[in-house]
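Structure file input.txt (compact mmCIF, C-alpha atoms) is printed below.
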# COMPACT_ATOMS: atom_id res chain seq x y z
CA MET A 287 5.20 8.36 -24.72
CA ALA A 288 7.64 6.11 -22.88
CA TYR A 289 7.10 5.70 -19.17
CA PRO A 290 10.18 6.90 -17.24
CA TYR A 291 12.90 4.44 -16.35
CA LEU A 292 11.67 1.20 -17.87
CA HIS A 293 14.07 -1.66 -17.18
CA GLU A 294 14.61 -4.99 -18.91
CA SER A 295 14.08 -6.84 -15.61
CA GLU A 296 10.50 -5.62 -15.35
CA THR A 297 7.49 -7.86 -15.92
CA ARG A 298 4.83 -5.45 -17.09
CA VAL A 299 1.39 -6.77 -16.25
CA LEU A 300 -0.29 -4.01 -14.26
CA SER A 301 2.02 -1.33 -15.65
CA GLU A 302 1.73 -2.25 -19.35
CA GLY A 303 -0.32 0.86 -20.11
CA PHE A 304 1.73 3.27 -18.00
CA GLY A 305 2.78 6.29 -20.03
CA SER A 306 0.14 5.74 -22.71
CA PRO A 307 -2.69 8.31 -22.82
CA GLU A 308 -4.67 5.90 -25.01
CA ALA A 309 -4.88 3.43 -22.11
CA ARG A 310 -7.10 5.93 -20.29
CA THR A 311 -9.96 5.23 -22.72
CA VAL A 312 -12.24 2.23 -23.10
CA ALA A 313 -10.90 1.59 -26.61
CA GLY A 314 -7.29 1.84 -25.46
CA TRP A 315 -7.89 -0.48 -22.52
CA ARG A 316 -9.69 -2.99 -24.74
CA ALA A 317 -6.69 -2.95 -27.08
CA LEU A 318 -4.62 -4.17 -24.12
CA GLY A 319 -7.08 -6.99 -23.45
CA GLY A 320 -9.23 -4.96 -21.12
CA TYR A 321 -12.71 -6.02 -19.99
CA GLN A 322 -12.02 -9.65 -20.93
CA GLY A 323 -11.48 -10.45 -17.25
CA ILE A 324 -14.92 -9.31 -16.13
CA ALA A 325 -16.46 -10.98 -19.20
CA ARG A 326 -14.99 -14.32 -18.14
CA ALA A 327 -16.05 -13.78 -14.51
CA LEU A 328 -19.64 -13.22 -15.64
CA GLU A 329 -19.39 -16.37 -17.73
CA ILE A 330 -18.05 -18.73 -15.05
CA GLY A 331 -20.03 -17.38 -12.07
CA ARG A 332 -19.26 -15.93 -8.64
CA GLU A 333 -17.92 -19.02 -6.88
CA ALA A 334 -15.64 -19.96 -9.79
CA THR A 335 -14.34 -16.37 -9.90
CA ILE A 336 -13.37 -16.55 -6.24
CA GLU A 337 -11.75 -19.97 -6.78
CA GLU A 338 -9.71 -18.62 -9.70
CA VAL A 339 -8.37 -15.79 -7.53
CA LYS A 340 -7.64 -18.28 -4.75
CA ALA A 341 -5.74 -20.45 -7.22
CA SER A 342 -3.60 -17.48 -8.24
CA GLY A 343 -2.39 -16.99 -4.68
CA LEU A 344 -2.91 -13.22 -5.01
CA ARG A 345 -2.19 -11.52 -1.70
CA GLY A 346 -3.45 -8.08 -0.72
CA ARG A 347 -1.16 -5.35 -2.01
CA GLY A 348 -2.11 -2.76 0.59
CA GLY A 349 0.38 -3.93 3.19
CA ALA A 350 -0.99 -6.89 5.15
CA GLY A 351 -0.63 -9.44 2.33
CA PHE A 352 -3.81 -11.37 3.22
CA PRO A 353 -4.96 -13.85 0.53
CA THR A 354 -7.51 -12.01 -1.64
CA GLY A 355 -9.65 -14.96 -2.68
CA LEU A 356 -9.94 -16.12 0.92
CA LYS A 357 -10.98 -12.62 1.98
CA TRP A 358 -13.69 -12.59 -0.68
CA SER A 359 -14.98 -15.96 0.51
CA PHE A 360 -15.72 -14.53 3.97
CA MET A 361 -18.62 -12.50 2.59
CA PRO A 362 -22.09 -13.91 3.37
CA LYS A 363 -23.57 -15.90 0.50
CA GLU A 364 -27.18 -14.86 1.05
CA ALA A 365 -28.43 -11.72 -0.67
CA ARG A 366 -30.90 -10.54 2.00
CA ARG A 367 -28.80 -7.43 2.68
CA PRO A 368 -26.79 -5.20 0.33
CA HIS A 369 -23.12 -6.08 -0.04
CA TYR A 370 -20.45 -3.46 -0.69
CA LEU A 371 -16.97 -3.50 -2.18
CA LEU A 372 -14.75 -0.69 -0.94
CA CYS A 373 -11.66 0.15 -2.96
CA ASN A 374 -9.01 1.75 -0.77
CA ALA A 375 -7.38 4.40 -2.96
CA ASP A 376 -6.34 6.53 0.00
CA GLU A 377 -2.64 6.00 -0.68
CA SER A 378 -1.03 7.94 2.16
CA GLU A 379 1.83 5.78 3.46
CA PRO A 380 5.04 7.83 3.18
CA GLY A 381 7.12 6.54 0.29
CA THR A 382 4.18 4.99 -1.57
CA PHE A 383 3.08 6.13 -5.04
CA LYS A 384 1.94 3.04 -6.98
CA ASP A 385 -1.85 3.25 -6.70
CA ARG A 386 -1.79 6.83 -7.97
CA GLU A 387 -0.01 5.68 -11.14
CA ILE A 388 -2.51 2.89 -11.76
CA ILE A 389 -5.36 5.39 -11.48
CA ARG A 390 -3.80 8.13 -13.60
CA TRP A 391 -2.60 5.88 -16.47
CA THR A 392 -4.95 2.88 -16.51
CA PRO A 393 -8.20 3.93 -14.81
CA HIS A 394 -10.19 1.24 -16.64
CA GLN A 395 -7.88 -1.38 -15.15
CA LEU A 396 -9.10 -0.32 -11.71
CA ILE A 397 -12.74 -0.04 -12.87
CA GLU A 398 -12.58 -3.55 -14.30
CA GLY A 399 -10.97 -4.83 -11.10
CA CYS A 400 -13.79 -3.25 -9.10
CA LEU A 401 -16.32 -4.99 -11.35
CA VAL A 402 -14.61 -8.37 -10.87
CA GLY A 403 -14.42 -7.94 -7.09
CA SER A 404 -17.98 -6.66 -6.79
CA TYR A 405 -19.36 -9.51 -8.88
CA ALA A 406 -17.41 -12.12 -6.91
CA ILE A 407 -18.73 -11.00 -3.52
CA GLY A 408 -22.25 -10.26 -4.72
CA ALA A 409 -21.96 -6.49 -4.29
CA SER A 410 -24.19 -4.28 -6.40
CA HIS A 411 -22.31 -1.14 -5.35
CA CYS A 412 -18.61 -0.33 -5.13
CA TYR A 413 -17.15 2.78 -3.50
CA ILE A 414 -13.69 3.96 -4.51
CA TYR A 415 -12.31 6.04 -1.63
CA LEU A 416 -9.72 8.40 -3.13
CA ARG A 417 -7.02 10.36 -1.35
CA GLY A 418 -7.97 14.03 -1.29
CA GLU A 419 -4.68 15.16 -2.83
CA PHE A 420 -5.14 13.00 -5.94
CA PHE A 421 -6.52 15.89 -8.00
CA GLU A 422 -5.34 14.79 -11.47
CA SER A 423 -5.88 11.09 -10.81
CA THR A 424 -9.41 11.67 -9.56
CA GLN A 425 -10.30 13.66 -12.68
CA VAL A 426 -8.85 10.94 -14.93
CA LEU A 427 -10.79 8.24 -13.09
CA ALA A 428 -14.02 10.25 -13.14
CA ARG A 429 -13.81 10.68 -16.92
CA ALA A 430 -13.06 6.98 -17.38
CA LEU A 431 -15.97 5.98 -15.16
CA GLU A 432 -18.34 8.23 -17.09
CA GLU A 433 -17.19 6.58 -20.33
CA ALA A 434 -17.60 3.11 -18.82
CA TYR A 435 -21.18 3.92 -17.84
CA GLY A 436 -21.82 5.20 -21.36
CA GLU A 437 -20.51 1.94 -22.85
CA GLY A 438 -22.72 -0.20 -20.60
CA LEU A 439 -19.73 -1.64 -18.74
CA VAL A 440 -20.92 -0.29 -15.39
CA GLY A 441 -24.48 0.22 -14.16
CA SER A 442 -27.76 -1.65 -14.20
CA ASP A 443 -26.83 -4.16 -16.92
CA VAL A 444 -23.07 -4.86 -16.92
CA MET A 445 -22.07 -5.97 -20.43
CA GLY A 446 -25.63 -7.11 -21.10
CA SER A 447 -25.47 -9.73 -18.36
CA GLY A 448 -28.35 -8.42 -16.27
CA VAL A 449 -25.93 -7.93 -13.35
CA GLU A 450 -26.13 -4.55 -11.64
CA ILE A 451 -22.92 -2.95 -10.34
CA ASP A 452 -22.67 0.76 -9.67
CA ILE A 453 -19.41 2.53 -8.81
CA THR A 454 -19.20 5.73 -6.78
CA LEU A 455 -16.09 7.88 -6.34
CA HIS A 456 -15.66 9.35 -2.86
CA VAL A 457 -12.86 11.84 -2.25
CA GLY A 458 -11.41 12.03 1.25
CA ALA A 459 -9.85 15.04 2.94
CA GLY A 460 -6.24 13.87 3.18
CA ALA A 461 -6.23 12.08 6.55
CA TYR A 462 -3.74 9.21 6.88
CA ILE A 463 -5.99 7.36 9.31
CA CYS A 464 -8.66 6.98 6.60
CA GLY A 465 -6.35 4.54 4.84
CA GLU A 466 -7.10 2.10 7.68
CA GLU A 467 -10.07 0.05 6.50
CA THR A 468 -12.47 0.76 9.35
CA GLY A 469 -11.42 4.42 9.49
CA LEU A 470 -12.18 4.54 5.77
CA MET A 471 -15.67 3.16 6.42
CA SER A 472 -16.34 5.74 9.14
CA SER A 473 -15.29 8.55 6.81
CA LEU A 474 -17.33 7.14 3.93
CA GLU A 475 -20.39 7.21 6.18
CA GLY A 476 -19.84 10.91 6.86
CA ARG A 477 -18.40 10.54 10.36
CA ARG A 478 -14.98 11.22 11.85
CA GLY A 479 -12.31 8.99 10.32
CA GLU A 480 -11.79 6.86 13.41
CA PRO A 481 -10.97 3.13 13.31
CA ARG A 482 -13.43 0.67 14.84
CA ILE A 483 -12.90 -2.22 17.20
CA LYS A 484 -12.99 -5.64 15.53
CA PRO A 485 -15.00 -7.85 15.80
CA PRO A 486 -17.41 -7.33 14.21
CA PHE A 487 -15.34 -7.58 11.06
CA PRO A 488 -16.33 -5.71 7.88
CA ALA A 489 -17.52 -8.91 6.19
CA ALA A 490 -20.25 -9.09 8.84
CA VAL A 491 -20.84 -5.42 9.70
CA GLY A 492 -19.09 -3.03 7.35
CA ALA A 493 -20.01 0.18 5.55
CA PHE A 494 -23.50 1.42 6.49
CA GLY A 495 -23.81 -1.66 8.72
CA MET A 496 -23.77 -4.02 5.74
CA PRO A 497 -21.34 -6.81 4.73
CA SER A 498 -18.32 -5.19 3.09
CA THR A 499 -14.94 -6.13 1.66
CA ILE A 500 -12.08 -3.64 1.44
CA ASN A 501 -9.34 -4.12 -1.17
CA ASN A 502 -6.38 -2.02 -2.25
CA VAL A 503 -6.14 -0.47 -5.74
CA GLU A 504 -3.24 -2.68 -6.83
CA THR A 505 -4.99 -5.81 -5.53
CA LEU A 506 -8.13 -5.15 -7.55
CA ALA A 507 -6.12 -4.12 -10.62
CA ALA A 508 -4.50 -7.58 -10.69
CA THR A 509 -7.79 -9.51 -10.74
CA PRO A 510 -8.84 -8.88 -14.39
CA HIS A 511 -5.52 -10.32 -15.57
CA ILE A 512 -6.00 -13.37 -13.36
CA LEU A 513 -9.54 -13.97 -14.66
CA ARG A 514 -8.45 -13.42 -18.24
CA HIS A 515 -5.45 -15.78 -18.17
CA GLY A 516 -6.07 -18.05 -15.15
CA GLY A 517 -4.63 -18.49 -11.69
CA GLU A 518 -1.80 -20.78 -12.78
CA TRP A 519 -0.66 -18.21 -15.35
CA TYR A 520 -0.25 -15.67 -12.54
CA ARG A 521 1.86 -18.11 -10.53
CA GLN A 522 4.58 -18.21 -13.18
CA TRP A 523 6.06 -15.22 -11.36
CA GLY A 524 6.98 -14.79 -7.74
CA THR A 525 7.44 -17.45 -5.08
CA GLU A 526 5.21 -20.19 -3.73
CA LYS A 527 4.09 -18.03 -0.78
CA SER A 528 4.18 -14.74 -2.69
CA PRO A 529 2.98 -15.33 -6.27
CA GLY A 530 2.77 -12.77 -9.04
CA THR A 531 4.29 -9.40 -9.78
CA LYS A 532 4.46 -6.33 -7.54
CA LEU A 533 4.83 -2.61 -8.11
CA PHE A 534 7.84 -1.41 -6.13
CA CYS A 535 7.95 2.32 -5.32
CA VAL A 536 11.62 3.22 -4.94
CA SER A 537 12.67 6.57 -3.52
CA GLY A 538 15.62 8.05 -1.70
CA HIS A 539 19.29 8.01 -2.61
CA VAL A 540 19.15 6.11 -5.90
CA ARG A 541 19.93 7.34 -9.40
CA ARG A 542 16.61 6.22 -10.87
CA PRO A 543 13.75 6.39 -8.36
CA GLY A 544 10.31 5.38 -9.57
CA ASN A 545 7.76 2.59 -9.95
CA TYR A 546 9.06 -0.79 -11.12
CA GLU A 547 6.94 -3.89 -11.68
CA LEU A 548 8.96 -6.96 -10.76
CA PRO A 549 8.28 -10.57 -9.80
CA LEU A 550 7.97 -11.04 -6.07
CA GLY A 551 11.16 -12.58 -4.72
CA PHE A 552 13.36 -10.18 -6.71
CA PRO A 553 16.69 -9.56 -4.87
CA MET A 554 16.72 -6.24 -3.03
CA MET A 555 20.31 -5.39 -3.96
CA GLU A 556 19.60 -6.09 -7.63
CA LEU A 557 16.68 -3.67 -7.44
CA ILE A 558 18.90 -0.97 -5.91
CA GLU A 559 22.11 -1.51 -7.88
CA ASP A 560 20.82 -2.63 -11.27
CA VAL A 561 17.21 -1.55 -11.79
CA CYS A 562 17.62 1.78 -9.98
CA GLY A 563 21.18 2.41 -11.17
CA GLY A 564 22.87 2.26 -7.79
CA LEU A 565 23.21 4.91 -5.13
CA SER A 566 23.60 8.56 -6.08
CA GLY A 567 27.19 9.78 -6.08
CA GLY A 568 28.53 6.25 -5.67
CA ARG A 569 28.08 6.43 -1.91
CA ALA A 570 27.68 3.40 0.35
CA LEU A 571 24.33 2.00 1.46
CA LYS A 572 23.38 2.67 5.07
CA ALA A 573 19.76 1.57 5.50
CA VAL A 574 16.55 0.66 3.69
CA ILE A 575 12.92 0.88 4.70
CA PRO A 576 11.38 -1.85 2.50
CA GLY A 577 7.64 -1.34 2.94
CA GLY A 578 6.81 2.28 3.64
CA SER A 579 7.71 4.21 6.77
CA SER A 580 5.70 1.98 9.12
CA VAL A 581 7.98 -1.07 9.04
CA PRO A 582 11.31 -1.82 10.78
CA ILE A 583 14.38 -0.21 9.23
CA MET A 584 16.90 -2.63 7.71
CA SER A 585 20.65 -2.20 7.95
CA ALA A 586 22.86 -2.48 4.87
CA GLU A 587 24.01 -5.93 6.00
CA GLU A 588 20.42 -7.21 6.25
CA CYS A 589 19.72 -6.02 2.71
CA MET A 590 22.51 -8.02 1.08
CA GLU A 591 20.72 -11.38 0.99
CA CYS A 592 17.13 -10.14 1.15
CA ASP A 593 14.57 -11.21 -1.46
CA LEU A 594 11.63 -8.87 -1.94
CA CYS A 595 8.69 -11.12 -1.09
CA TYR A 596 6.54 -11.29 2.01
CA GLU A 597 8.44 -14.18 3.57
CA GLY A 598 11.86 -12.96 2.39
CA VAL A 599 11.63 -9.51 3.96
CA GLU A 600 10.15 -10.99 7.13
CA ALA A 601 13.13 -13.35 7.39
CA ALA A 602 15.41 -10.33 7.10
CA GLY A 603 13.73 -8.70 10.10
CA SER A 604 11.23 -6.32 8.51
CA MET A 605 7.99 -6.37 6.47
CA LEU A 606 7.30 -5.96 2.75
CA GLY A 607 4.18 -3.89 3.46
CA CYS A 608 3.16 -2.00 0.34
CA ALA A 609 6.67 -2.41 -1.16
CA SER A 610 7.70 1.22 -0.83
CA VAL A 611 11.47 0.92 -0.81
CA ILE A 612 13.13 3.98 0.76
CA VAL A 613 16.90 3.84 0.22
CA MET A 614 19.28 5.74 2.51
CA ASP A 615 23.00 6.18 1.90
CA GLU A 616 25.88 6.78 4.30
CA THR A 617 25.13 10.52 4.55
CA THR A 618 21.70 9.87 6.12
CA ASP A 619 21.02 11.23 9.58
CA ILE A 620 18.96 8.34 10.98
CA VAL A 621 17.84 10.27 14.06
CA LYS A 622 16.47 13.08 11.91
CA GLN A 623 14.60 10.69 9.64
CA VAL A 624 13.01 8.81 12.53
CA ARG A 625 12.03 12.11 14.15
CA ARG A 626 10.35 13.17 10.89
CA MET A 627 8.39 9.89 10.86
CA ALA A 628 7.40 10.44 14.48
CA TYR A 629 6.14 13.93 13.73
CA PHE A 630 4.07 12.56 10.84
CA TYR A 631 2.41 9.84 12.93
CA ALA A 632 1.79 12.18 15.87
CA HIS A 633 0.14 14.64 13.51
CA GLU A 634 -1.98 11.94 11.82
CA SER A 635 -3.15 10.15 14.98
CA CYS A 636 -6.92 10.41 15.31
CA GLY A 637 -6.48 10.70 19.09
CA GLN A 638 -8.98 7.96 19.91
CA CYS A 639 -6.53 5.67 21.77
CA THR A 640 -4.39 6.99 24.63
CA PRO A 641 -1.21 4.98 23.85
CA CYS A 642 -1.22 6.38 20.31
CA ARG A 643 -2.35 9.94 21.08
CA GLU A 644 0.11 10.40 23.95
CA GLY A 645 2.83 8.00 22.84
CA THR A 646 3.41 9.40 19.37
CA ALA A 647 3.57 12.97 20.69
CA TRP A 648 5.85 12.02 23.59
CA ALA A 649 8.21 10.09 21.31
CA THR A 650 8.34 13.05 18.92
CA ARG A 651 9.35 15.45 21.70
CA ILE A 652 12.11 13.13 22.92
CA LEU A 653 13.47 12.58 19.40
CA GLN A 654 13.45 16.33 18.77
CA ARG A 655 15.36 16.88 22.01
CA ILE A 656 17.98 14.33 20.98
CA GLU A 657 18.25 15.86 17.51
CA ASP A 658 18.76 19.28 19.08
CA GLY A 659 21.70 17.94 21.12
CA ARG A 660 19.88 18.05 24.46
CA GLY A 661 19.21 14.33 24.86
CA THR A 662 20.51 11.81 27.38
CA GLU A 663 21.28 8.13 27.11
CA ASP A 664 18.28 7.44 29.36
CA ASP A 665 16.10 8.86 26.58
CA LEU A 666 16.87 5.82 24.45
CA GLU A 667 15.49 3.46 27.07
CA THR A 668 12.45 5.70 27.48
CA LEU A 669 11.84 5.62 23.72
CA VAL A 670 12.01 1.82 23.70
CA GLU A 671 9.67 1.61 26.68
CA ILE A 672 7.15 4.00 25.10
CA SER A 673 7.32 2.07 21.83
CA GLU A 674 6.67 -1.24 23.57
CA GLN A 675 3.63 0.24 25.33
CA MET A 676 2.36 1.55 21.97
CA THR A 677 2.57 -1.87 20.31
CA GLY A 678 -0.58 -3.97 20.16
CA THR A 679 -2.49 -1.78 22.62
CA THR A 680 -4.65 0.30 20.27
CA ILE A 681 -7.64 -0.18 17.96
CA CYS A 682 -5.56 0.19 14.79
CA VAL A 683 -1.81 -0.11 14.15
CA LEU A 684 -0.90 3.55 13.71
CA SER A 685 1.06 3.61 16.96
CA ASP A 686 2.75 0.31 16.02
CA SER A 687 3.76 2.02 12.76
CA LEU A 688 5.93 4.43 14.72
CA ALA A 689 7.09 1.95 17.33
CA MET A 690 8.72 -0.33 14.74
CA PRO A 691 11.05 2.26 13.14
CA ILE A 692 11.96 3.69 16.56
CA ILE A 693 12.92 0.33 18.08
CA SER A 694 14.71 -0.91 14.95
CA SER A 695 16.66 2.34 14.55
CA ILE A 696 17.86 2.26 18.17
CA GLU A 697 18.83 -1.41 17.87
CA LYS A 698 20.68 -1.05 14.56
CA PHE A 699 21.91 2.55 14.58
CA ARG A 700 22.48 3.21 18.26
CA ASP A 701 25.79 4.91 17.48
CA ASP A 702 23.93 7.63 15.56
CA TYR A 703 21.91 8.41 18.66
CA LEU A 704 24.89 8.22 21.02
CA ALA A 705 27.00 10.52 18.84
CA LEU A 706 24.32 13.21 19.03
CA ILE A 707 23.82 12.71 22.76
CA ARG A 708 27.52 12.67 23.71
CA THR A 709 29.13 15.04 21.26
CA GLY A 710 26.38 16.67 19.22
CA GLU A 711 27.90 15.06 16.10
CA ARG A 712 25.63 13.69 13.38
CA LEU A 713 27.12 10.44 12.09
CA GLY A 714 27.40 10.39 8.31
CA ALA A 715 25.42 13.60 7.82
CA ALA A 716 26.61 15.54 4.82

Any chance you could give the structure as structure tokens?
Amino acid sequence: MAYPYLHESETRVLSEGFGSPEARTVAGWRALGGYQGIARALEIGREATIEEVKASGLRGRGGAGFPTGLKWSFMPKEARRPHYLLCNADESEPGTFKDREIIRWTPHQLIEGCLVGSYAIGASHCYIYLRGEFFESTQVLARALEEAYGEGLVGSDVMGSGVEIDITLHVGAGAYICGEETGLMSSLEGRRGEPRIKPPFPAAVGAFGMPSTINNVETLAATPHILRHGGEWYRQWGTEKSPGTKLFCVSGHVRRPGNYELPLGFPMMELIEDVCGGLSGGRALKAVIPGGSSVPIMSAEECMECDLCYEGVEAAGSMLGCASVIVMDETTDIVKQVRRMAYFYAHESCGQCTPCREGTAWATRILQRIEDGRGTEDDLETLVEISEQMTGTTICVLSDSLAMPIISSIEKFRDDYLALIRTGERLGAA
């Protein structure tokens, strides 16, 4: 079975087994070189495993882009208390659908990545926190984990090494806030999914009060390949500051939406026009959200010279985030799309922090009023003021996630707002 929309520009490392039912089994994953990464980690030891990941330059694929090896090195070295690895599989950022595909096609890739990460930080237990809506993916992963236990790859004696690593699947209830690492820990412990103030950081006081490291699915899935081939091998792709390959989730007004694995630094316009076949109907590009809905919106002009790496997107005025590229053509009603984002974040706020609880709801009401043709020009200044007061004033960054698209949309697409306010006309709307 061929995975949809493969392209010659792709570098298939994590996605090599996508579309192959055989890759869901231990035998199929071994045929792709599986479980060689954890075997080498067990051979070279914990410190050398961390150093290999550091050498690769692998950055966290969940959005922040923090160096993975450095994050692992923060864990205490003594073994007086249990250590935990938490795999964040609560993929809930609008526009993101990469982790789900890793789980549903190559579950052993994630299991092996969890083994590598757990071994490196000295954790004898790993929890994979799965998004509640991942029904099929959860079943696939559960079957794969059962097989891995049966083969002695997970459990009290990993691959005959005497190392104990257990893996537990924990299914959430579909709350966006549980994708935030400390909210995830609260939910895992059986409490409300509310983020925690840091410090203390998870490496000191994490899940169940014990040292913990939280990594994204895609991050962990990359580590077996790095251990198998070496850090320098991984650096053959990408840029100096953003090494390796990345799964790009492309949606919106393109002919071929989907997941594409490309080297970091790949030109944005080449992704849209070549890999994804251009815009539907031959229409003109209006805007792109490059990293999921929680990052600043980019205008068409900003996209022209933008390279898809952490530093490249930042230089263009936005953030790569989890590389969920949402493409919008000239028919897009920007006000409507921002209002939809606002409604999402207002609905998903845990309500713990006043600027987020009140600000997201207030912004949603104002945006709805503008969309209904009842807005005023003063509303735009109020939206900017609310957004500024929501930025950097809360425990987590959920309110920032709405503030950034609001401010960037008003700065770059002010005419869309003014047309609705002055004449009730929706610019570009089909």

Next on the checklist: Residues within 12 Å of segment 631-643 of chain A, please, as a ChimeraX atom specification. Count all atoms listed in the file; anything in the same chain fewer than 6 positions from it doesn't count.
Outcome noted: /A:378-380,460-466,469,478-483,579-580,624-625,649-651,671-689,691-692

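Separating atom CA of Ala602 of chain A from atom CA of Met590 of chain A is a distance of 9.6 Å.
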
Next on the checklist: For a quick check of your reading of the model, name the residues lying within 10 Å of the coordinate (23.8, 9.2, 17.0), counting only C-alpha atoms, and write them as a ChimeraX atom specification.
Outcome noted: /A:619-622,656-657,659,696,699-714

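Take the candidates A:Leu455, A:Val503, A:Ile407, A:Ala430 and check each one against Asn374 of chain A using only C-alpha atoms; the shortest distance goes to A:Val503.
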
Counting only C-alpha atoms, what are the residues of segment 317-346 of chain A within 10 Å of segment 436-439 of chain A, and for each of them which pair of atoms is the nearest and at what distance in Å, to one decimal? Sort the table by chain and rising number, as CSV.
residue,atom,partner,partner_atom,distance
A:Tyr321,CA,A:Leu439,CA,8.4
A:Ile324,CA,A:Leu439,CA,9.4
A:Ala325,CA,A:Leu439,CA,9.9

With C-alpha atoms retained, export the selected residues as a PDB file, in the frame of the given file.
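Okay, this is what ended up in part02.pdb:
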ATOM      1  CA  TYR A 321     -12.710  -6.020 -19.990  1.00  0.00           C
ATOM      2  CA  ILE A 324     -14.920  -9.310 -16.130  1.00  0.00           C
ATOM      3  CA  ALA A 325     -16.460 -10.980 -19.200  1.00  0.00           C
TER       4      ALA A 325
END

Item to check | Residue contacts of Ile451 of chain A (9 Å, all atoms listed in the file) excluding same-chain residues fewer than 4 positions away, as a ChimeraX atom specification | outcome: /A:401,404-405,409-412,440-444

Item to check | Å distance separating atom CA of His394 of chain A from atom CA of Thr354 of chain A, one decimal place | outcome: 20.2 Å

Checklist entry - Nearest to Ala350 of chain A: which of A:Gly577, A:Pro549, A:Gly408, A:Gly320 is it, counting all atoms listed in the file? => result A:Gly577

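Reported to one decimal place, the separation of atom CA of Val536 of chain A from atom CA of Thr646 of chain A is 26.4 Å.
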
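Proximity ranking of A:Ile388, A:Ala609, A:Val312, A:Ala327 relative to Val449 of chain A places A:Ala327 first, based on only C-alpha atoms.
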
Checklist entry - A:Ala489, A:Ile414, A:Ala601, A:Ala317: which is nearest Thr454 of chain A, counting all atoms listed in the file? => result A:Ile414

Checklist entry - Which polymer residues have any atom within 12 Å of an atom of Gly492 of chain A, counting only C-alpha atoms, with same-chain residues fewer than 3 positions away left out, as a count of residues only? => result 31

Exercise on segment 496-502 of chain A, axis-aligned box with 6 Å per side, report centre and edge lengths in Å to one decimal, as JSON:
{"center_x": -15.1, "center_y": -4.4, "center_z": 1.7, "size_x": 29.4, "size_y": 16.8, "size_z": 20.0}

Item to check | Distance query Gly603 of chain A at most 10 Å, only C-alpha atoms, self and fewer than 2 positions along chain excluded, as a list in words | outcome: Val581, Pro582, Ile583, Met584, Ser585, Glu588, Cys589, Cys592, Gly598, Val599, Glu600, Ala601, Met605 and Ser694 of chain A

Skip Thr525 of chain A itself and residues of its chain fewer than 6 positions away, then list as a PDB file with C-alpha atoms, in the coordinates of the input all residues within 12 Å of it, counting only C-alpha atoms.
ATOM      1  CA  SER A 342      -3.600 -17.480  -8.240  1.00  0.00           C
ATOM      2  CA  GLY A 343      -2.390 -16.990  -4.680  1.00  0.00           C
ATOM      3  CA  LEU A 344      -2.910 -13.220  -5.010  1.00  0.00           C
ATOM      4  CA  ARG A 345      -2.190 -11.520  -1.700  1.00  0.00           C
ATOM      5  CA  THR A 531       4.290  -9.400  -9.780  1.00  0.00           C
ATOM      6  CA  LYS A 532       4.460  -6.330  -7.540  1.00  0.00           C
ATOM      7  CA  PRO A 549       8.280 -10.570  -9.800  1.00  0.00           C
ATOM      8  CA  LEU A 550       7.970 -11.040  -6.070  1.00  0.00           C
ATOM      9  CA  GLY A 551      11.160 -12.580  -4.720  1.00  0.00           C
ATOM     10  CA  PHE A 552      13.360 -10.180  -6.710  1.00  0.00           C
ATOM     11  CA  ASP A 593      14.570 -11.210  -1.460  1.00  0.00           C
ATOM     12  CA  LEU A 594      11.630  -8.870  -1.940  1.00  0.00           C
ATOM     13  CA  CYS A 595       8.690 -11.120  -1.090  1.00  0.00           C
ATOM     14  CA  TYR A 596       6.540 -11.290   2.010  1.00  0.00           C
ATOM     15  CA  GLU A 597       8.440 -14.180   3.570  1.00  0.00           C
ATOM     16  CA  GLY A 598      11.860 -12.960   2.390  1.00  0.00           C
TER      17      GLY A 598
END

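Comparing the minimum interatomic distances between Glu432 of chain A and each of A:Leu571, A:Thr311, A:Leu513, A:Thr382, counting only C-alpha atoms, we find that A:Thr311 sits nearest.
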